[in-house]
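Below is one structure; the comments refer to it alone.
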Amino acid sequence: MDGSIKTTSGVELWLITPKLDFTFTNKLFFTTFIQYNKQLSNLNINARLQWRYKPASDLFLVYTDNYFSDNLLAKNRAVVLKFTYWWNL
């Protein structure tokens with residue numbers, strides 16, 4: 001759920017997450033989202049390119065960028081390559 005949430009302890013949490021999905025072909029996808037968390041003072045940008053080279057088997061290239069939301073100074077960045085393969089035993 002996006003937006004403001006009151007917890008049982010009365011703390012107000014803000015978590016906002018817009019997301020975009022692009023399907024180029026039936027085997028190539030791009031997903032990106034931006035996530036803002038007021039409680040942690042965090043702004044996260046995530047982009048993922050997915051290639052489905054055979055059913056249930058994918059190659060992902062993911063870029064993640066985290067910032068302090070106050071001054072937009074970078075916290076950390078990462079590029080990850082993930083390979084999945086379906087073993088039909």
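Every chain in the structure tokens has a letter given in the order shown (A, B, ...), and although residue numbers restart at 1 in each chain, ligands are simply numbered from 1 in the order shown.
By chain and then residue number, the residues within 8 Å of stretch 25-41 of chain A are Leu13, Trp14, Leu15, Ile16, Thr17, Pro18, Lys19, Leu20, Asp21, Ile45, Asn46, Ala47, Arg48, Leu49, Gln50, Trp51, Arg52, Tyr53, Phe68, Ser69 and Asp70 of chain A, counting only C-alpha atoms and disregarding those fewer than 4 positions away in sequence.
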Filtering to N, CA, C and O atoms, could you give me those residues as a compact mmCIF listing (two decimals), in the first residue's frame?
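What landed in selection.txt:
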# COMPACT_ATOMS: atom_id res chain seq x y z
N LEU A 13 4.00 6.50 8.98
CA LEU A 13 4.95 6.00 8.00
C LEU A 13 4.52 6.45 6.61
O LEU A 13 3.34 6.43 6.28
N TRP A 14 5.49 6.83 5.79
CA TRP A 14 5.23 7.17 4.39
C TRP A 14 6.06 6.25 3.51
O TRP A 14 7.27 6.21 3.61
N LEU A 15 5.41 5.53 2.63
CA LEU A 15 6.09 4.68 1.66
C LEU A 15 5.36 4.85 0.33
O LEU A 15 4.20 4.47 0.20
N ILE A 16 6.03 5.45 -0.64
CA ILE A 16 5.44 5.74 -1.94
C ILE A 16 6.27 5.03 -3.00
O ILE A 16 7.50 5.15 -3.02
N THR A 17 5.61 4.29 -3.91
CA THR A 17 6.32 3.48 -4.88
C THR A 17 5.66 3.50 -6.25
O THR A 17 4.84 2.65 -6.57
N PRO A 18 5.99 4.47 -7.12
CA PRO A 18 5.51 4.38 -8.50
C PRO A 18 6.37 3.38 -9.29
O PRO A 18 7.57 3.25 -9.04
N LYS A 19 5.75 2.66 -10.23
CA LYS A 19 6.44 1.61 -10.97
C LYS A 19 6.05 1.67 -12.44
O LYS A 19 4.90 1.93 -12.77
N LEU A 20 7.03 1.41 -13.32
CA LEU A 20 6.79 1.34 -14.75
C LEU A 20 7.26 -0.02 -15.29
O LEU A 20 8.35 -0.47 -14.95
N ASP A 21 6.44 -0.64 -16.11
CA ASP A 21 6.79 -1.90 -16.75
C ASP A 21 6.69 -1.73 -18.26
O ASP A 21 5.68 -1.26 -18.77
N ILE A 45 16.07 4.05 -6.29
CA ILE A 45 15.75 3.90 -7.71
C ILE A 45 16.24 2.52 -8.14
O ILE A 45 17.39 2.15 -7.87
N ASN A 46 15.37 1.77 -8.78
CA ASN A 46 15.69 0.42 -9.17
C ASN A 46 15.27 0.22 -10.61
O ASN A 46 14.15 0.52 -10.98
N ALA A 47 16.18 -0.32 -11.43
CA ALA A 47 15.88 -0.61 -12.84
C ALA A 47 16.32 -2.04 -13.14
O ALA A 47 17.42 -2.45 -12.75
N ARG A 48 15.46 -2.80 -13.82
CA ARG A 48 15.76 -4.20 -14.09
C ARG A 48 15.45 -4.53 -15.55
O ARG A 48 14.35 -4.28 -16.04
N LEU A 49 16.43 -5.10 -16.25
CA LEU A 49 16.25 -5.61 -17.60
C LEU A 49 16.22 -7.13 -17.49
O LEU A 49 17.11 -7.74 -16.89
N GLN A 50 15.18 -7.74 -18.06
CA GLN A 50 14.98 -9.19 -17.94
C GLN A 50 14.88 -9.80 -19.33
O GLN A 50 14.08 -9.36 -20.15
N TRP A 51 15.69 -10.82 -19.56
CA TRP A 51 15.64 -11.58 -20.82
C TRP A 51 15.24 -13.01 -20.48
O TRP A 51 15.96 -13.70 -19.75
N ARG A 52 14.11 -13.46 -20.97
CA ARG A 52 13.65 -14.83 -20.76
C ARG A 52 14.08 -15.64 -21.97
O ARG A 52 13.45 -15.63 -23.02
N TYR A 53 15.22 -16.33 -21.85
CA TYR A 53 15.80 -17.03 -22.99
C TYR A 53 15.16 -18.38 -23.25
O TYR A 53 15.32 -18.94 -24.33
N PHE A 68 19.95 9.58 0.38
CA PHE A 68 19.31 10.22 1.52
C PHE A 68 18.28 11.19 0.93
O PHE A 68 18.61 11.98 0.05
N SER A 69 17.04 11.14 1.39
CA SER A 69 16.01 11.98 0.76
C SER A 69 16.14 13.45 1.13
O SER A 69 15.62 14.30 0.43
N ASP A 70 16.85 13.77 2.21
CA ASP A 70 16.99 15.18 2.63
C ASP A 70 17.81 15.99 1.63
O ASP A 70 17.41 17.06 1.20
Do you know which residues are at most 8 Å from A:Thr84 counting only C-alpha atoms, after dropping those on the same chain fewer than 4 positions away, and could you put them as a list in words? Ala56, Ser57, Asp58 and Leu59 of chain A
Output file for the selection above: N, CA, C and O atoms, as a PDB file, in the first residue's frame:
ATOM      1  N   ALA A  56      10.747 -20.233 -17.967  1.00  0.00           N
ATOM      2  CA  ALA A  56      11.155 -20.275 -16.551  1.00  0.00           C
ATOM      3  C   ALA A  56      12.669 -20.117 -16.366  1.00  0.00           C
ATOM      4  O   ALA A  56      13.208 -20.450 -15.320  1.00  0.00           O
ATOM      5  N   SER A  57      13.364 -19.606 -17.361  1.00  0.00           N
ATOM      6  CA  SER A  57      14.805 -19.368 -17.272  1.00  0.00           C
ATOM      7  C   SER A  57      15.078 -17.937 -17.727  1.00  0.00           C
ATOM      8  O   SER A  57      14.711 -17.552 -18.830  1.00  0.00           O
ATOM      9  N   ASP A  58      15.733 -17.151 -16.853  1.00  0.00           N
ATOM     10  CA  ASP A  58      15.888 -15.720 -17.103  1.00  0.00           C
ATOM     11  C   ASP A  58      17.302 -15.248 -16.812  1.00  0.00           C
ATOM     12  O   ASP A  58      18.025 -15.831 -16.003  1.00  0.00           O
ATOM     13  N   LEU A  59      17.639 -14.138 -17.456  1.00  0.00           N
ATOM     14  CA  LEU A  59      18.853 -13.397 -17.159  1.00  0.00           C
ATOM     15  C   LEU A  59      18.407 -11.984 -16.787  1.00  0.00           C
ATOM     16  O   LEU A  59      17.675 -11.343 -17.543  1.00  0.00           O
TER      17      LEU A  59
END
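Here atom CA of A:Lys54 stands at a distance of 23.4 Å from atom CA of A:Val79.
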DSSP says strand (DSSP E) for which residues of chain A? Put them as number ranges by chain? A: 3-6, 12-16, 19-23, 28-37, 42-54, 57-68, 74-83
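Residue nearest A:Asp65 within the list A:Phe22, A:Lys82, A:Arg77, A:Asn88: A:Arg77 [criterion: smallest interatomic distance, only C-alpha atoms].
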Interatomic distance (Å, one decimal) between atom CA of A:Phe24 and atom CA of A:Phe83: 19.7 Å
